[in-house]
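Here's model11.pdb, which has PDB, C-alpha atoms:
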ATOM      1  CA  MET A   1      16.248 -11.320  22.565
ATOM      2  CA  THR A   2      15.792 -10.823  18.837
ATOM      3  CA  PRO A   3      15.347 -14.185  17.121
ATOM      4  CA  SER A   4      17.994 -15.208  14.608
ATOM      5  CA  PRO A   5      16.992 -14.541  10.988
ATOM      6  CA  GLU A   6      15.904 -17.543   8.977
ATOM      7  CA  PRO A   7      17.971 -18.290   5.849
ATOM      8  CA  PRO A   8      16.341 -18.329   2.414
ATOM      9  CA  PRO A   9      14.739 -21.747   1.788
ATOM     10  CA  SER A  10      16.241 -24.142  -0.707
ATOM     11  CA  HIS A  11      13.684 -23.456  -3.448
ATOM     12  CA  VAL A  12      14.500 -19.727  -3.277
ATOM     13  CA  ARG A  13      18.248 -20.390  -3.457
ATOM     14  CA  ALA A  14      17.649 -22.696  -6.408
ATOM     15  CA  ALA A  15      15.540 -20.079  -8.188
ATOM     16  CA  PHE A  16      18.413 -17.586  -7.979
ATOM     17  CA  GLY A  17      21.037 -20.094  -9.134
ATOM     18  CA  ALA A  18      22.472 -20.848  -5.686
ATOM     19  CA  ARG A  19      20.959 -24.267  -5.005
ATOM     20  CA  ASP A  20      24.127 -25.806  -3.567
ATOM     21  CA  ALA A  21      25.473 -22.739  -1.770
ATOM     22  CA  GLU A  22      25.510 -22.803   2.026
ATOM     23  CA  PRO A  23      23.732 -19.646   3.316
ATOM     24  CA  GLU A  24      26.045 -17.346   5.280
ATOM     25  CA  LEU A  25      24.528 -14.497   7.295
ATOM     26  CA  ILE A  26      26.153 -11.162   6.426
ATOM     27  CA  ASP A  27      26.909  -9.215   9.610
ATOM     28  CA  ALA A  28      23.706  -9.316  11.692
ATOM     29  CA  GLY A  29      21.468  -9.843   8.696
ATOM     30  CA  PRO A  30      18.923  -9.974   7.274
ATOM     31  CA  VAL A  31      20.963 -10.526   4.088
ATOM     32  CA  TRP A  32      22.426 -13.951   3.336
ATOM     33  CA  ARG A  33      25.384 -14.686   1.094
ATOM     34  CA  CYS A  34      24.716 -17.752  -1.021
ATOM     35  CA  GLY A  35      27.734 -18.193  -3.271
ATOM     36  CA  ASP A  36      27.785 -15.260  -5.682
ATOM     37  CA  ALA A  37      24.320 -14.132  -4.633
ATOM     38  CA  ALA A  38      23.196 -11.906  -1.763
ATOM     39  CA  ILE A  39      19.605 -12.869  -0.911
ATOM     40  CA  ARG A  40      17.420 -10.669   1.277
ATOM     41  CA  PRO A  41      13.795 -10.627   2.471
ATOM     42  CA  ALA A  42      11.464  -8.678   0.187
ATOM     43  CA  GLY A  43       8.247  -8.217   2.100
ATOM     44  CA  LYS A  44       7.036  -5.508  -0.295
ATOM     45  CA  PRO A  45       7.175  -7.046  -3.790
ATOM     46  CA  ALA A  46       6.280  -3.843  -5.668
ATOM     47  CA  GLU A  47       9.049  -1.901  -3.928
ATOM     48  CA  ALA A  48      11.559  -4.747  -4.283
ATOM     49  CA  THR A  49      10.797  -5.002  -8.002
ATOM     50  CA  TRP A  50      11.215  -1.246  -8.443
ATOM     51  CA  VAL A  51      14.561  -1.337  -6.619
ATOM     52  CA  ALA A  52      15.729  -4.248  -8.784
ATOM     53  CA  LYS A  53      14.747  -2.594 -12.049
ATOM     54  CA  THR A  54      16.345   0.686 -10.969
ATOM     55  CA  LEU A  55      19.645  -0.831  -9.848
ATOM     56  CA  ASP A  56      19.756  -2.977 -12.973
ATOM     57  CA  VAL A  57      20.233   0.050 -15.234
ATOM     58  CA  LEU A  58      21.733   2.659 -12.898
ATOM     59  CA  ASP A  59      25.307   3.673 -13.716
ATOM     60  CA  VAL A  60      27.352   5.975 -11.509
ATOM     61  CA  ASP A  61      31.051   6.677 -12.094
ATOM     62  CA  ASN A  62      33.356   5.081  -9.518
ATOM     63  CA  LEU A  63      30.497   3.338  -7.746
ATOM     64  CA  ARG A  64      29.838  -0.382  -7.545
ATOM     65  CA  ILE A  65      26.170  -1.301  -7.567
ATOM     66  CA  GLY A  66      24.643  -4.549  -6.345
ATOM     67  CA  ARG A  67      22.978  -5.641  -9.585
ATOM     68  CA  PRO A  68      19.778  -7.650  -9.178
ATOM     69  CA  LEU A  69      19.554 -11.299 -10.074
ATOM     70  CA  ARG A  70      16.509 -12.685 -11.839
ATOM     71  CA  SER A  71      15.119 -16.069 -10.971
ATOM     72  CA  THR A  72      15.201 -18.933 -13.440
ATOM     73  CA  ASP A  73      11.736 -17.890 -14.647
ATOM     74  CA  GLY A  74      12.596 -14.183 -14.882
ATOM     75  CA  ARG A  75      11.210 -12.859 -11.604
ATOM     76  CA  TYR A  76      12.935 -10.379  -9.289
ATOM     77  CA  VAL A  77      11.047 -11.616  -6.193
ATOM     78  CA  VAL A  78      10.541 -15.279  -5.287
ATOM     79  CA  GLY A  79       8.621 -16.359  -2.201
ATOM     80  CA  GLY A  80       9.228 -13.033  -0.467
ATOM     81  CA  TRP A  81      12.967 -12.930  -1.288
ATOM     82  CA  ALA A  82      15.057 -10.868  -3.735
ATOM     83  CA  ALA A  83      18.689 -11.301  -4.763
ATOM     84  CA  THR A  84      21.586  -9.218  -6.002
ATOM     85  CA  LYS A  85      25.104 -10.073  -7.032
ATOM     86  CA  TYR A  86      27.277 -10.335  -3.924
ATOM     87  CA  LEU A  87      29.725  -7.431  -3.560
ATOM     88  CA  SER A  88      32.790  -7.575  -1.359
ATOM     89  CA  GLY A  89      33.394  -5.001   1.338
ATOM     90  CA  ARG A  90      32.096  -3.834   4.658
ATOM     91  CA  ALA A  91      30.649  -0.697   6.201
ATOM     92  CA  GLU A  92      33.409   1.605   7.432
ATOM     93  CA  PRO A  93      33.426   5.028   9.147
ATOM     94  CA  ARG A  94      34.505   6.846   5.968
ATOM     95  CA  HIS A  95      31.831   9.451   6.536
ATOM     96  CA  ASP A  96      32.760  12.108   3.970
ATOM     97  CA  GLU A  97      33.097   9.441   1.296
ATOM     98  CA  ILE A  98      29.586   8.188   2.064
ATOM     99  CA  VAL A  99      28.213  11.719   1.737
ATOM    100  CA  GLU A 100      30.071  12.001  -1.576
ATOM    101  CA  VAL A 101      28.413   8.751  -2.677
ATOM    102  CA  ALA A 102      25.038  10.307  -1.811
ATOM    103  CA  VAL A 103      25.761  13.395  -3.899
ATOM    104  CA  LYS A 104      26.914  11.356  -6.917
ATOM    105  CA  LEU A 105      24.084   8.868  -6.638
ATOM    106  CA  HIS A 106      21.406  11.541  -6.498
ATOM    107  CA  GLU A 107      22.840  13.303  -9.509
ATOM    108  CA  ALA A 108      22.292   9.994 -11.334
ATOM    109  CA  THR A 109      18.728   9.501 -10.035
ATOM    110  CA  LYS A 110      17.429  13.049 -10.536
ATOM    111  CA  ASP A 111      15.447  12.214 -13.686
ATOM    112  CA  LEU A 112      13.806   9.018 -12.446
ATOM    113  CA  PRO A 113      10.006   9.162 -12.241
ATOM    114  CA  LYS A 114       8.308   9.016  -8.863
ATOM    115  CA  PRO A 115       7.620   5.393  -7.836
ATOM    116  CA  ARG A 116       3.871   4.789  -7.599
ATOM    117  CA  PHE A 117       4.072   2.841  -4.336
ATOM    118  CA  LEU A 118       5.567   5.688  -2.280
ATOM    119  CA  ASP A 119       2.314   7.488  -1.489
ATOM    120  CA  ALA A 120       0.769   4.276  -0.146
ATOM    121  CA  ARG A 121       3.624   3.405   2.195
ATOM    122  CA  SER A 122       2.648   3.424   5.867
ATOM    123  CA  ASP A 123       5.709   1.986   7.610
ATOM    124  CA  VAL A 124       7.497   3.840  10.403
ATOM    125  CA  PHE A 125      10.047   5.381   8.050
ATOM    126  CA  ALA A 126       7.458   6.644   5.562
ATOM    127  CA  VAL A 127       5.348   8.180   8.335
ATOM    128  CA  ALA A 128       8.429   9.771   9.938
ATOM    129  CA  ASP A 129       9.509  11.226   6.606
ATOM    130  CA  ARG A 130       6.104  12.814   6.037
ATOM    131  CA  CYS A 131       6.133  14.187   9.598
ATOM    132  CA  ALA A 132       9.546  15.759   8.970
ATOM    133  CA  TRP A 133       8.183  17.537   5.898
ATOM    134  CA  ASP A 134       4.978  18.620   7.683
ATOM    135  CA  GLU A 135       2.780  16.444   5.469
ATOM    136  CA  GLU A 136       1.427  14.255   8.270
ATOM    137  CA  LYS A 137       0.922  14.358  12.016
ATOM    138  CA  ALA A 138       1.658  11.404  14.302
ATOM    139  CA  GLU A 139       1.766  10.716  18.009
ATOM    140  CA  LEU A 140       5.482  10.938  18.805
ATOM    141  CA  ALA A 141       6.594   9.654  22.210
ATOM    142  CA  ALA A 142       7.864  12.773  23.986
ATOM    143  CA  GLU A 143      10.676  11.049  25.910
ATOM    144  CA  LEU A 144      11.914   9.232  22.781
ATOM    145  CA  GLY A 145      12.304  12.270  20.550
ATOM    146  CA  GLY A 146       8.837  13.775  20.244
ATOM    147  CA  ARG A 147       9.592  16.713  22.524
ATOM    148  CA  LEU A 148      12.735  17.603  20.596
ATOM    149  CA  PHE A 149      10.883  17.120  17.288
ATOM    150  CA  GLU A 150       8.303  19.683  18.390
ATOM    151  CA  LEU A 151      11.031  22.145  19.370
ATOM    152  CA  LEU A 152      12.958  21.825  16.101
ATOM    153  CA  SER A 153       9.909  21.785  13.843
ATOM    154  CA  ALA A 154       9.258  25.436  14.743
ATOM    155  CA  TYR A 155      12.414  26.330  12.749
ATOM    156  CA  ARG A 156      11.139  24.883   9.448
ATOM    157  CA  LYS A 157      11.018  27.280   6.519
ATOM    158  CA  PRO A 158       9.837  26.631   2.946
ATOM    159  CA  LEU A 159      12.297  25.043   0.522
ATOM    160  CA  ALA A 160      12.554  25.723  -3.215
ATOM    161  CA  LEU A 161      14.393  22.511  -4.074
ATOM    162  CA  LYS A 162      12.949  20.067  -6.618
ATOM    163  CA  PRO A 163      11.972  16.586  -5.360
ATOM    164  CA  GLN A 164      13.429  13.469  -6.971
ATOM    165  CA  VAL A 165      14.140   9.843  -6.156
ATOM    166  CA  VAL A 166      16.419   9.810  -3.112
ATOM    167  CA  HIS A 167      18.095   6.986  -1.183
ATOM    168  CA  GLY A 168      17.006   7.597   2.402
ATOM    169  CA  ASP A 169      19.261   5.127   4.210
ATOM    170  CA  LEU A 170      22.742   5.179   2.697
ATOM    171  CA  PHE A 171      24.586   5.099   5.999
ATOM    172  CA  GLY A 172      25.292   1.395   6.527
ATOM    173  CA  ASN A 173      24.397   0.512   2.937
ATOM    174  CA  VAL A 174      27.711   1.640   1.436
ATOM    175  CA  LEU A 175      30.525  -0.901   1.517
ATOM    176  CA  PHE A 176      34.259  -0.335   1.177
ATOM    177  CA  ALA A 177      36.885  -2.838   0.079
ATOM    178  CA  GLY A 178      40.381  -1.332   0.124
ATOM    179  CA  ASP A 179      40.933   0.929  -2.863
ATOM    180  CA  ALA A 180      37.934  -0.409  -4.782
ATOM    181  CA  ALA A 181      35.098   1.948  -5.584
ATOM    182  CA  PRO A 182      32.432   2.167  -2.868
ATOM    183  CA  ALA A 183      29.512  -0.223  -3.280
ATOM    184  CA  ILE A 184      25.788   0.346  -2.826
ATOM    185  CA  ILE A 185      23.979  -2.797  -1.722
ATOM    186  CA  ASP A 186      20.387  -1.629  -1.338
ATOM    187  CA  PHE A 187      18.079   1.286  -2.148
ATOM    188  CA  VAL A 188      15.467   2.806   0.174
ATOM    189  CA  PRO A 189      13.537   5.269  -2.009
ATOM    190  CA  PHE A 190      11.958   8.546  -0.981
ATOM    191  CA  TRP A 191      10.694  11.479  -3.074
ATOM    192  CA  ARG A 192      12.665  14.431  -1.739
ATOM    193  CA  PRO A 193      15.413  16.842  -2.830
ATOM    194  CA  GLY A 194      18.708  15.103  -3.555
ATOM    195  CA  GLU A 195      20.418  17.013  -0.749
ATOM    196  CA  TYR A 196      18.123  15.283   1.757
ATOM    197  CA  GLY A 197      19.837  11.936   1.166
ATOM    198  CA  ALA A 198      23.222  13.493   1.940
ATOM    199  CA  ALA A 199      21.795  15.196   5.021
ATOM    200  CA  ILE A 200      20.440  11.923   6.419
ATOM    201  CA  VAL A 201      23.927  10.422   6.066
ATOM    202  CA  VAL A 202      25.395  13.340   8.015
ATOM    203  CA  VAL A 203      22.777  13.072  10.787
ATOM    204  CA  ASP A 204      23.262   9.300  11.075
ATOM    205  CA  ALA A 205      27.065   9.529  11.039
ATOM    206  CA  MET A 206      27.134  12.200  13.742
ATOM    207  CA  SER A 207      24.481  10.564  15.914
ATOM    208  CA  TRP A 208      25.560   6.929  15.850
ATOM    209  CA  GLY A 209      28.652   6.595  13.653
ATOM    210  CA  GLY A 210      31.239   8.554  15.633
ATOM    211  CA  ALA A 211      31.633  11.313  13.021
ATOM    212  CA  ASP A 212      33.090  14.635  14.105
ATOM    213  CA  HIS A 213      30.726  17.590  14.093
ATOM    214  CA  GLY A 214      32.820  19.216  11.385
ATOM    215  CA  LEU A 215      31.045  16.878   8.951
ATOM    216  CA  LEU A 216      28.025  19.163   9.211
ATOM    217  CA  GLN A 217      30.096  22.166   8.119
ATOM    218  CA  ARG A 218      32.101  20.409   5.398
ATOM    219  CA  TRP A 219      28.935  19.831   3.352
ATOM    220  CA  ALA A 220      27.330  23.188   4.071
ATOM    221  CA  HIS A 221      27.872  24.214   0.423
ATOM    222  CA  LEU A 222      24.967  21.967  -0.600
ATOM    223  CA  ALA A 223      21.842  23.873  -1.550
ATOM    224  CA  GLU A 224      19.637  25.128   1.313
ATOM    225  CA  TRP A 225      21.695  23.000   3.692
ATOM    226  CA  PRO A 226      20.444  24.320   7.062
ATOM    227  CA  GLN A 227      16.809  23.585   6.204
ATOM    228  CA  VAL A 228      17.574  20.256   4.511
ATOM    229  CA  VAL A 229      19.643  18.972   7.433
ATOM    230  CA  LEU A 230      16.929  20.205   9.803
ATOM    231  CA  ARG A 231      14.421  17.972   8.019
ATOM    232  CA  ALA A 232      16.850  15.050   8.110
ATOM    233  CA  THR A 233      17.138  15.547  11.874
ATOM    234  CA  LEU A 234      13.358  15.743  12.225
ATOM    235  CA  PHE A 235      13.077  12.547  10.194
ATOM    236  CA  ARG A 236      15.402  10.624  12.489
ATOM    237  CA  LEU A 237      13.727  12.064  15.593
ATOM    238  CA  ALA A 238      10.335  10.934  14.299
ATOM    239  CA  VAL A 239      11.681   7.471  13.437
ATOM    240  CA  HIS A 240      13.143   7.205  16.919
ATOM    241  CA  ALA A 241       9.912   8.316  18.585
ATOM    242  CA  LEU A 242       7.824   5.849  16.557
ATOM    243  CA  HIS A 243      10.117   2.811  16.462
ATOM    244  CA  PRO A 244       9.346   0.033  18.986
ATOM    245  CA  MET A 245      13.043  -0.743  19.545
ATOM    246  CA  SER A 246      14.003   2.807  20.572
ATOM    247  CA  SER A 247      15.240   3.699  24.047
ATOM    248  CA  PRO A 248      16.342   6.869  25.884
ATOM    249  CA  GLN A 249      19.938   5.657  25.515
ATOM    250  CA  SER A 250      19.757   5.494  21.712
ATOM    251  CA  LEU A 251      18.421   9.065  21.650
ATOM    252  CA  VAL A 252      21.544  10.598  23.221
ATOM    253  CA  GLY A 253      23.579  10.871  20.015
ATOM    254  CA  LEU A 254      20.648  12.310  18.114
ATOM    255  CA  GLU A 255      20.174  14.944  20.819
ATOM    256  CA  ARG A 256      23.809  16.010  20.386
ATOM    257  CA  THR A 257      23.330  16.261  16.633
ATOM    258  CA  ALA A 258      20.161  18.321  17.063
ATOM    259  CA  THR A 259      22.124  20.815  19.164
ATOM    260  CA  LYS A 260      24.660  21.279  16.365
ATOM    261  CA  VAL A 261      21.938  21.586  13.725
ATOM    262  CA  LEU A 262      20.254  24.341  15.766
ATOM    263  CA  GLU A 263      23.494  26.319  15.565
ATOM    264  CA  LEU A 264      23.114  26.395  11.754
ATOM    265  CA  LEU A 265      19.641  27.898  11.846
TER     266      LEU A 265
END
Could you write out this structure as structure tokens?
Amino acid sequence: MTPSPEPPPSHVRAAFGARDAEPELIDAGPVWRCGDAAIRPAGKPAEATWVAKTLDVLDVDNLRIGRPLRSTDGRYVVGGWAATKYLSGRAEPRHDEIVEVAVKLHEATKDLPKPRFLDARSDVFAVADRCAWDEEKAELAAELGGRLFELLSAYRKPLALKPQVVHGDLFGNVLFAGDAAPAIIDFVPFWRPGEYGAAIVVVDAMSWGGADHGLLQRWAHLAEWPQVVLRATLFRLAVHALHPMSSPQSLVGLERTATKVLELL
């Protein structure tokens, strides 16, 4: 069993102006609502600070953004925790709207400079991303996606798209609250073409979110779509093959998606 997340300690809540708020776990965590603040673990201070500074000034039409909160002494990260303003809403299977959020968001982030910490990242997701783009090799468990990764990687062709700051995990990080504008509650940065962020949403929605396979076709007007969505599929296959929590059962949806992606190529 996965242990229950620990709430932010009292000195962290106090630093973000939520001393007297009772921590309330949001969904399965690891984010805690403490009054008007949403406080989350920030194990990588440089990345958490970059995310905070970026979200603090980012403006996208018809999009709510979880603005960062500074501590009482001006910091974005306190004791391994960061905070944003709490936004109402929940994740919903509004798949095309999430892809639309990706497109709008990446239009707004296209001129951001490359974050310095990206090249030094060595977590599962960073390694999987570099594998998908043929920049790194890793031992991928064959039965957990490695075999399919090897098959699909043979279809890679060069892309002419310009890299930029991209949110690589929008699916599940976009909240909806009735007719209110969608909300972004986190940012997982990568340095890839903007279309890649939309493609990851499509792959995730089809594999694990119950989206119809028509989603793949409805966004086929995006630039170099077959090759971009191929790399998004390779990324998720590599994550699955590397992640310690993966199982053959959780690969089934991704295998179905890979079949549909092959039909585009």
Using 12 Å as the limit and counting only C-alpha atoms, can you tabulate each residue of stretch 61-177 of chain A that touches stretch 182-185 of chain A, with its shortest atom-to-atom distance in Å and the two atoms involved, as CSV?
residue,atom,partner,partner_atom,distance
A:Asp61,CA,A:Pro182,CA,10.4
A:Asn62,CA,A:Pro182,CA,7.3
A:Leu63,CA,A:Pro182,CA,5.4
A:Arg64,CA,A:Ala183,CA,4.3
A:Ile65,CA,A:Ile184,CA,5.0
A:Gly66,CA,A:Ile185,CA,5.0
A:Arg67,CA,A:Ile185,CA,8.4
A:Pro68,CA,A:Ile185,CA,9.8
A:Ala83,CA,A:Ile185,CA,10.5
A:Thr84,CA,A:Ile185,CA,8.1
A:Lys85,CA,A:Ile185,CA,9.1
A:Tyr86,CA,A:Ile185,CA,8.5
A:Leu87,CA,A:Ala183,CA,7.2
A:Ser88,CA,A:Ala183,CA,8.3
A:Gly89,CA,A:Ala183,CA,7.7
A:Arg90,CA,A:Ala183,CA,9.1
A:Ala91,CA,A:Ala183,CA,9.6
A:Glu92,CA,A:Pro182,CA,10.4
A:Arg94,CA,A:Pro182,CA,10.2
A:His95,CA,A:Pro182,CA,11.9
A:Glu97,CA,A:Pro182,CA,8.4
A:Ile98,CA,A:Pro182,CA,8.3
A:Val99,CA,A:Pro182,CA,11.4
A:Glu100,CA,A:Pro182,CA,10.2
A:Val101,CA,A:Pro182,CA,7.7
A:Ala102,CA,A:Ile184,CA,10.0
A:Lys104,CA,A:Pro182,CA,11.5
A:Leu105,CA,A:Ile184,CA,9.5
A:His167,CA,A:Ile184,CA,10.3
A:Asp169,CA,A:Ile184,CA,10.7
A:Leu170,CA,A:Ile184,CA,7.9
A:Phe171,CA,A:Ile184,CA,10.1
A:Gly172,CA,A:Ile185,CA,9.3
A:Asn173,CA,A:Ile185,CA,5.7
A:Val174,CA,A:Ile184,CA,4.9
A:Leu175,CA,A:Ala183,CA,4.9
A:Phe176,CA,A:Pro182,CA,5.1
A:Ala177,CA,A:Pro182,CA,7.3
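When only C-alpha atoms are used to compute distances to A:Arg236, the closest of the residues A:Ala128, A:Ala37, A:Leu148, A:Ala160 turns out to be A:Ala128.
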| Near stretch 52-54 of chain A, within 10 Å and counting only C-alpha atoms, which residues show up once chain neighbours fewer than 3 positions away are dropped, as a list in words? | Ala46, Glu47, Ala48, Thr49, Val57, Leu58, Asp59, Gly66, Arg67, Pro68, Leu69, Arg70, Tyr76, Val77, Ala82, Ala83, Thr84, Thr109, Leu112, Asp186 and Phe187 of chain A
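Between atom CA of A:Lys114 and atom CA of A:Val261 the interatomic distance comes to 29.2 Å.
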| Neighbour list for A:Trp81 as a list in words, cut-off 6 Å, all atoms listed in the file, skip fewer than 5 positions in-chain | Arg40, Pro41 and Ala42 of chain A
Near-A:Glu263 list (10 Å; only C-alpha atoms; drop same-chain fewer than 4 positions) as a compact mmCIF listing (two decimals) with C-alpha atoms, in the frame of the given file:
# COMPACT_ATOMS: atom_id res chain seq x y z
CA PRO A 226 20.44 24.32 7.06
CA ALA A 258 20.16 18.32 17.06
CA THR A 259 22.12 20.82 19.16
| message | Rounded to one decimal, what separation in Å do you get between atom CA of A:Ala18 and atom CA of A:Ala181? | response | 26.1 Å
| field | Residues in the PyMOL selection byres ((chain A and resi 152) around 9), expressed as a PyMOL selection string | value | chain A and resi 147-151+153-156+230+233-234+258+262
| task | Taking the point (15.2, 11.6, -11.0) as given in the file, collect each protein or nucleic acid residue that comes within 9 Å of it, counting all atoms listed in the file, and present the set as a list in words. | result |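 Protein, DNA and RNA residues close to (15.2, 11.6, -11.0): His106, Glu107, Ala108, Thr109, Lys110, Asp111, Leu112, Pro113, Lys114, Pro163, Gln164, Val165, Val166 and Gly194 of chain A.
Taking all atoms listed in the file into account, A:Pro193 lies nearest to A:Leu222 out of the set A:Ala28, A:Val51, A:Ala14, A:Leu222.
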| field | Polymer residues at most 9 Å from (23.2, 13.6, 10.1) by only C-alpha atoms, as JSON, numbers by chain | value | {"A": [198, 199, 200, 201, 202, 203, 204, 205, 206, 207, 215, 216, 229, 232, 233, 236, 254, 257, 258, 261]}
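For the pair atom CA of A:Arg19 and atom CA of A:Gly80, the separation is 16.9 Å.
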| field | Close residues, A:Val127 itself excluded, 9 Å, all atoms listed in the file, min 4 positions apart in chain, as a PyMOL selection string | value | chain A and resi 121-123+131-132+136-138+238-239+242
| message | Given only C-alpha atoms as the basis, pick out the residue of A:Glu195, A:Pro8, A:Gly43, A:Leu264 nearest to A:Gln217. | response |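 The shortest atom-to-atom distance to A:Gln217 comes from A:Leu264.
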| request: Point out the residue among A:His240, A:His213, A:Arg116, A:Arg33 with the least atom-to-atom distance to A:Lys260, counting only C-alpha atoms. | output: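 Of A:His240, A:His213, A:Arg116, A:Arg33, the one nearest A:Lys260 is A:His213, counting only C-alpha atoms.
Restricting the calculation to all atoms listed in the file, the smallest distance between A:Phe235 and any of A:Glu6, A:Glu135, A:Asp119, A:Asp56 is found for A:Glu135.
Checking A:Val252, A:Ile39, A:Ala142, A:Leu161 one by one against A:Trp225, counting only C-alpha atoms, you find the shortest gap at A:Leu161.
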| field | Near-A:Pro93 list (9 Å; all atoms listed in the file; drop same-chain fewer than 6 positions) as a list in words | value |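 Listing them by chain and then by number gives Ala205, Gly209, Gly210 and Ala211 of chain A.
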Can I get stretch 163-169 of chain A with all heavy atoms filled in, as an mmCIF file, keeping the file's coordinate frame?
data_model
loop_
_atom_site.group_PDB
_atom_site.id
_atom_site.type_symbol
_atom_site.label_atom_id
_atom_site.label_comp_id
_atom_site.auth_asym_id
_atom_site.auth_seq_id
_atom_site.Cartn_x
_atom_site.Cartn_y
_atom_site.Cartn_z
ATOM 1 N N PRO A 163 11.908 17.977 -5.826
ATOM 2 C CA PRO A 163 11.972 16.586 -5.360
ATOM 3 C C PRO A 163 12.393 15.628 -6.461
ATOM 4 O O PRO A 163 12.212 15.906 -7.657
ATOM 5 C CB PRO A 163 10.537 16.310 -4.900
ATOM 6 C CG PRO A 163 9.696 17.225 -5.721
ATOM 7 C CD PRO A 163 10.522 18.468 -5.937
ATOM 8 N N GLN A 164 12.964 14.510 -6.053
ATOM 9 C CA GLN A 164 13.429 13.469 -6.971
ATOM 10 C C GLN A 164 13.517 12.167 -6.189
ATOM 11 O O GLN A 164 13.255 12.137 -4.990
ATOM 12 C CB GLN A 164 14.804 13.847 -7.526
ATOM 13 C CG GLN A 164 15.888 13.931 -6.433
ATOM 14 C CD GLN A 164 17.298 13.996 -6.980
ATOM 15 O OE1 GLN A 164 17.775 15.063 -7.333
ATOM 16 N NE2 GLN A 164 17.954 12.859 -7.053
ATOM 17 N N VAL A 165 13.889 11.100 -6.858
ATOM 18 C CA VAL A 165 14.140 9.843 -6.156
ATOM 19 C C VAL A 165 15.423 9.981 -5.344
ATOM 20 O O VAL A 165 16.476 10.361 -5.869
ATOM 21 C CB VAL A 165 14.277 8.672 -7.150
ATOM 22 C CG1 VAL A 165 14.785 7.421 -6.436
ATOM 23 C CG2 VAL A 165 12.930 8.381 -7.807
ATOM 24 N N VAL A 166 15.309 9.674 -4.051
ATOM 25 C CA VAL A 166 16.419 9.810 -3.112
ATOM 26 C C VAL A 166 16.572 8.526 -2.303
ATOM 27 O O VAL A 166 15.578 7.926 -1.894
ATOM 28 C CB VAL A 166 16.162 10.999 -2.149
ATOM 29 C CG1 VAL A 166 17.170 11.024 -1.018
ATOM 30 C CG2 VAL A 166 16.210 12.314 -2.899
ATOM 31 N N HIS A 167 17.797 8.108 -2.080
ATOM 32 C CA HIS A 167 18.095 6.986 -1.183
ATOM 33 C C HIS A 167 18.087 7.536 0.240
ATOM 34 O O HIS A 167 18.907 8.372 0.595
ATOM 35 C CB HIS A 167 19.466 6.402 -1.523
ATOM 36 C CG HIS A 167 19.769 5.087 -0.886
ATOM 37 N ND1 HIS A 167 19.458 4.787 0.421
ATOM 38 C CD2 HIS A 167 20.371 3.969 -1.389
ATOM 39 C CE1 HIS A 167 19.854 3.555 0.704
ATOM 40 N NE2 HIS A 167 20.400 3.043 -0.386
ATOM 41 N N GLY A 168 17.167 7.044 1.065
ATOM 42 C CA GLY A 168 17.006 7.597 2.402
ATOM 43 C C GLY A 168 17.717 6.859 3.505
ATOM 44 O O GLY A 168 17.514 7.173 4.682
ATOM 45 N N ASP A 169 18.580 5.895 3.153
ATOM 46 C CA ASP A 169 19.261 5.127 4.210
ATOM 47 C C ASP A 169 20.620 4.640 3.727
ATOM 48 O O ASP A 169 20.938 3.456 3.817
ATOM 49 C CB ASP A 169 18.382 3.943 4.628
ATOM 50 C CG ASP A 169 18.840 3.304 5.936
ATOM 51 O OD1 ASP A 169 19.497 4.003 6.740
ATOM 52 O OD2 ASP A 169 18.563 2.115 6.152
#
